Amino acid sequence: MNKIMFFAHLRDRVGEESLTKDVSGKTISELKQMLEENYGLKLDSVMAAVNEEFASDDEVIQAGDTIAFIPPVSGG
Amino acid sequence: MNFEISKDPIDIQSVIDKVVQREAGAITTFIGTVRELTHGKKTLYLIYEAYESMAVKKLEQIGTEIKERWNGAEVAITHRTGKLDITDVAVVIAVSTPHRADAYEANRYAIERIKEIVPIWKKEHWEDGEEWIGNQLETVAYPKGKPEEKDLHE
């Protein structure tokens, strides 16, 4: 299984802090496309992190990975 | 623990104390505070949210980058989360180095990097609404919509 985490406006939109789903074998960009279709999210300017490290769109998700979607940050 | 995310008000002196070292000739401290007016619009308060475990890792990465660039530097950073009122302290960065020019430069580097790679978001609340900030006005997080490859690993 995989944990998929959302932050900021994405969390408001999805209505959940995280989803638990098996998305192993998919690339980040395939997962983004799936979430865009199912939740009406816009993810083209959103970075993904896999296991707390930024990941590129072509990275393949492994079983047990935690994926987080990171909108442009605004700390500081 | 030189790199922290805190739900409680930041004790500025305790961040400074972490970088005290006999080799240092200077300590610079940056204190980021909540501003009332942004482009004429009045903020009532802010909510900061963090992906805490990753944010701590990214703050540590910034510390490592600074030590590689500025010889003998020590770094400590604490960032607040939760509800902050106008004038509250959102972030404290302390850097010590043997010479003062490096302490200023390295401290500036740290705040700019926080705005690029650390997963923290602020939600501004105004009299007529609220919005998560990112990629707009002066708060552009990534110039090209996302961190560039060099931003992530340098």
# chains A, B, ... in the order shown; residues from 1 in each chain; ligands from 1

$ closest_atom_pairs --of "segment 76-140 of chain B" --to "segment 60-64 of chain B" --cutoff "12 Å" --atoms "only C-alpha atoms" --output "CSV"
residue,atom,partner,partner_atom,distance
B:Ala76,CA,B:Gly63,CA,7.6
B:Ile77,CA,B:Gly63,CA,8.5
B:Thr78,CA,B:Glu60,CA,10.9
B:Ile93,CA,B:Gly63,CA,10.4
B:Ala94,CA,B:Gly63,CA,10.6
B:Val95,CA,B:Gly63,CA,9.4
B:Ser96,CA,B:Gly63,CA,11.7
B:Ala106,CA,B:Gly63,CA,9.6
B:Asn107,CA,B:Gly63,CA,10.2
B:Arg108,CA,B:Ile62,CA,11.5
B:Tyr109,CA,B:Ile62,CA,8.6
B:Ala110,CA,B:Ile62,CA,6.4
B:Ile111,CA,B:Ile62,CA,9.4
B:Glu112,CA,B:Ile62,CA,10.0
B:Arg113,CA,B:Ile62,CA,6.9
B:Ile114,CA,B:Ile62,CA,7.9
B:Lys115,CA,B:Ile62,CA,11.2
B:Glu116,CA,B:Ile62,CA,10.6
B:Ile117,CA,B:Ile62,CA,9.0
B:Val118,CA,B:Ile62,CA,9.2

$ residues_around --residues "Ala68 of chain A" --least-positions-apart "3" --cutoff "7 Å" --atoms "only C-alpha atoms" --output "short mmCIF file (atom, residue, chain, number, x, y, z; two decimals) with C-alpha atoms, in the first residue's frame"
data_model
loop_
_atom_site.label_atom_id
_atom_site.label_comp_id
_atom_site.auth_asym_id
_atom_site.auth_seq_id
_atom_site.Cartn_x
_atom_site.Cartn_y
_atom_site.Cartn_z
CA ILE A 4 -0.57 9.79 -0.43
CA MET A 5 -0.37 13.08 1.49
CA PHE A 6 -1.84 16.48 0.66
CA ALA A 48 5.96 15.46 -5.51
CA ALA A 49 8.05 13.99 -2.74
CA VAL A 50 8.65 10.29 -2.29
#

$ closest_atom_pairs --of "segment 27-141 of chain B" --to "segment 12-15 of chain A" --cutoff "12 Å" --atoms "only C-alpha atoms" --output "JSON lines"
{"residue": "B:Lys123", "atom": "CA", "partner": "A:Asp12", "partner_atom": "CA", "distance": 11.6}
{"residue": "B:Glu131", "atom": "CA", "partner": "A:Asp12", "partner_atom": "CA", "distance": 10.8}
{"residue": "B:Trp132", "atom": "CA", "partner": "A:Asp12", "partner_atom": "CA", "distance": 9.9}

$ write_last_selection --atoms "N, CA and C atoms" --output "PDB file, in the first residue's frame"
ATOM      1  N   LYS B 123      -1.314  30.408   5.164  1.00  0.00           N
ATOM      2  CA  LYS B 123      -2.653  30.784   4.734  1.00  0.00           C
ATOM      3  C   LYS B 123      -2.921  32.158   5.320  1.00  0.00           C
ATOM      4  N   GLU B 131      -6.691  32.723   1.965  1.00  0.00           N
ATOM      5  CA  GLU B 131      -6.103  32.026   0.817  1.00  0.00           C
ATOM      6  C   GLU B 131      -4.748  31.440   1.186  1.00  0.00           C
ATOM      7  N   TRP B 132      -4.502  30.224   0.682  1.00  0.00           N
ATOM      8  CA  TRP B 132      -3.154  29.662   0.784  1.00  0.00           C
ATOM      9  C   TRP B 132      -2.252  30.426  -0.167  1.00  0.00           C
TER      10      TRP B 132
END

$ select_by_dssp --residues "chain A" --states "strand (DSSP E or B)" --output "ChimeraX atom specification"
/A:2-6,18-21,27,47-50,53-55,60,66-70

$ closest_residue --among "B:Trp121, B:Tyr45, B:Phe3, B:Phe30" --to "chain A" --atoms "only C-alpha atoms"
B:Trp121

$ interface_residues --of "chain A" --to "chain B" --cutoff "10 Å" --atoms "only C-alpha atoms" --output "list in words"
Met5, Phe6, Phe7, Ala8, His9, Leu10, Asp12, Asp44, Ser45, Val46, Met47, Ala48, Ala49, Asn51, Glu52, Glu53, Phe54, Ala55, Ser56, Ala68, Phe69, Ile70, Pro71, Pro72, Val73, Ser74, Gly75 and Gly76 of chain A

$ decode --residues "chain A" --atoms "C-alpha atoms" --output "mmCIF file, in the first residue's frame"
data_model
loop_
_atom_site.group_PDB
_atom_site.id
_atom_site.type_symbol
_atom_site.label_atom_id
_atom_site.label_comp_id
_atom_site.auth_asym_id
_atom_site.auth_seq_id
_atom_site.Cartn_x
_atom_site.Cartn_y
_atom_site.Cartn_z
ATOM 1 C CA MET A 1 0.000 0.000 0.000
ATOM 2 C CA ASN A 2 0.975 3.626 -0.360
ATOM 3 C CA LYS A 3 0.209 6.719 1.654
ATOM 4 C CA ILE A 4 -0.574 9.788 -0.433
ATOM 5 C CA MET A 5 -0.368 13.084 1.491
ATOM 6 C CA PHE A 6 -1.836 16.482 0.661
ATOM 7 C CA PHE A 7 -1.025 19.949 1.988
ATOM 8 C CA ALA A 8 -2.347 23.518 1.875
ATOM 9 C CA HIS A 9 -5.024 24.087 -0.782
ATOM 10 C CA LEU A 10 -4.736 20.505 -2.041
ATOM 11 C CA ARG A 11 -5.790 19.221 1.377
ATOM 12 C CA ASP A 12 -8.791 21.557 1.385
ATOM 13 C CA ARG A 13 -9.749 20.336 -2.063
ATOM 14 C CA VAL A 14 -9.373 16.609 -1.382
ATOM 15 C CA GLY A 15 -10.942 16.975 2.058
ATOM 16 C CA GLU A 16 -8.448 14.519 3.576
ATOM 17 C CA GLU A 17 -4.909 14.782 4.922
ATOM 18 C CA SER A 18 -3.988 11.557 3.194
ATOM 19 C CA LEU A 19 -5.274 8.633 1.176
ATOM 20 C CA THR A 20 -4.197 5.021 1.497
ATOM 21 C CA LYS A 21 -4.089 3.339 -1.883
ATOM 22 C CA ASP A 22 -1.934 0.878 -3.775
ATOM 23 C CA VAL A 23 -0.356 2.942 -6.545
ATOM 24 C CA SER A 24 2.910 0.996 -6.818
ATOM 25 C CA GLY A 25 4.169 0.586 -10.368
ATOM 26 C CA LYS A 26 2.732 3.935 -11.434
ATOM 27 C CA THR A 27 4.937 6.895 -12.166
ATOM 28 C CA ILE A 28 4.415 10.184 -10.326
ATOM 29 C CA SER A 29 2.985 11.698 -13.471
ATOM 30 C CA GLU A 30 0.489 8.827 -13.849
ATOM 31 C CA LEU A 31 -0.581 9.296 -10.233
ATOM 32 C CA LYS A 32 -0.946 13.039 -10.782
ATOM 33 C CA GLN A 33 -3.168 12.386 -13.782
ATOM 34 C CA MET A 34 -5.314 9.973 -11.784
ATOM 35 C CA LEU A 35 -5.749 12.483 -8.940
ATOM 36 C CA GLU A 36 -6.516 15.296 -11.370
ATOM 37 C CA GLU A 37 -9.303 13.197 -12.880
ATOM 38 C CA ASN A 38 -10.718 11.913 -9.575
ATOM 39 C CA TYR A 39 -10.437 15.045 -7.437
ATOM 40 C CA GLY A 40 -10.340 17.895 -9.922
ATOM 41 C CA LEU A 41 -6.875 18.920 -8.683
ATOM 42 C CA LYS A 42 -4.439 20.984 -10.743
ATOM 43 C CA LEU A 43 -1.040 19.451 -10.188
ATOM 44 C CA ASP A 44 1.154 20.793 -12.988
ATOM 45 C CA SER A 45 2.955 23.302 -10.726
ATOM 46 C CA VAL A 46 2.958 20.921 -7.763
ATOM 47 C CA MET A 47 6.084 18.993 -6.801
ATOM 48 C CA ALA A 48 5.959 15.457 -5.507
ATOM 49 C CA ALA A 49 8.049 13.993 -2.740
ATOM 50 C CA VAL A 50 8.649 10.285 -2.294
ATOM 51 C CA ASN A 51 9.672 9.277 1.213
ATOM 52 C CA GLU A 52 10.384 12.929 2.107
ATOM 53 C CA GLU A 53 12.667 13.668 -0.854
ATOM 54 C CA PHE A 54 11.666 15.617 -3.977
ATOM 55 C CA ALA A 55 10.985 13.265 -6.882
ATOM 56 C CA SER A 56 10.729 13.775 -10.619
ATOM 57 C CA ASP A 57 7.566 13.046 -12.608
ATOM 58 C CA ASP A 58 9.036 9.893 -14.151
ATOM 59 C CA GLU A 59 9.936 8.255 -10.824
ATOM 60 C CA VAL A 60 8.206 4.883 -10.386
ATOM 61 C CA ILE A 61 6.387 4.399 -7.092
ATOM 62 C CA GLN A 62 7.357 1.334 -5.062
ATOM 63 C CA ALA A 63 5.220 -0.615 -2.585
ATOM 64 C CA GLY A 64 5.256 1.107 0.793
ATOM 65 C CA ASP A 65 6.383 4.491 -0.539
ATOM 66 C CA THR A 66 4.874 7.608 1.004
ATOM 67 C CA ILE A 67 4.036 10.176 -1.646
ATOM 68 C CA ALA A 68 3.401 13.813 -0.767
ATOM 69 C CA PHE A 69 2.204 16.576 -3.058
ATOM 70 C CA ILE A 70 4.011 19.826 -2.331
ATOM 71 C CA PRO A 71 2.394 23.008 -3.671
ATOM 72 C CA PRO A 72 4.753 25.979 -4.142
ATOM 73 C CA VAL A 73 6.015 26.688 -0.634
ATOM 74 C CA SER A 74 5.477 29.946 1.262
ATOM 75 C CA GLY A 75 7.384 29.655 4.515
ATOM 76 C CA GLY A 76 9.810 32.172 5.925
#
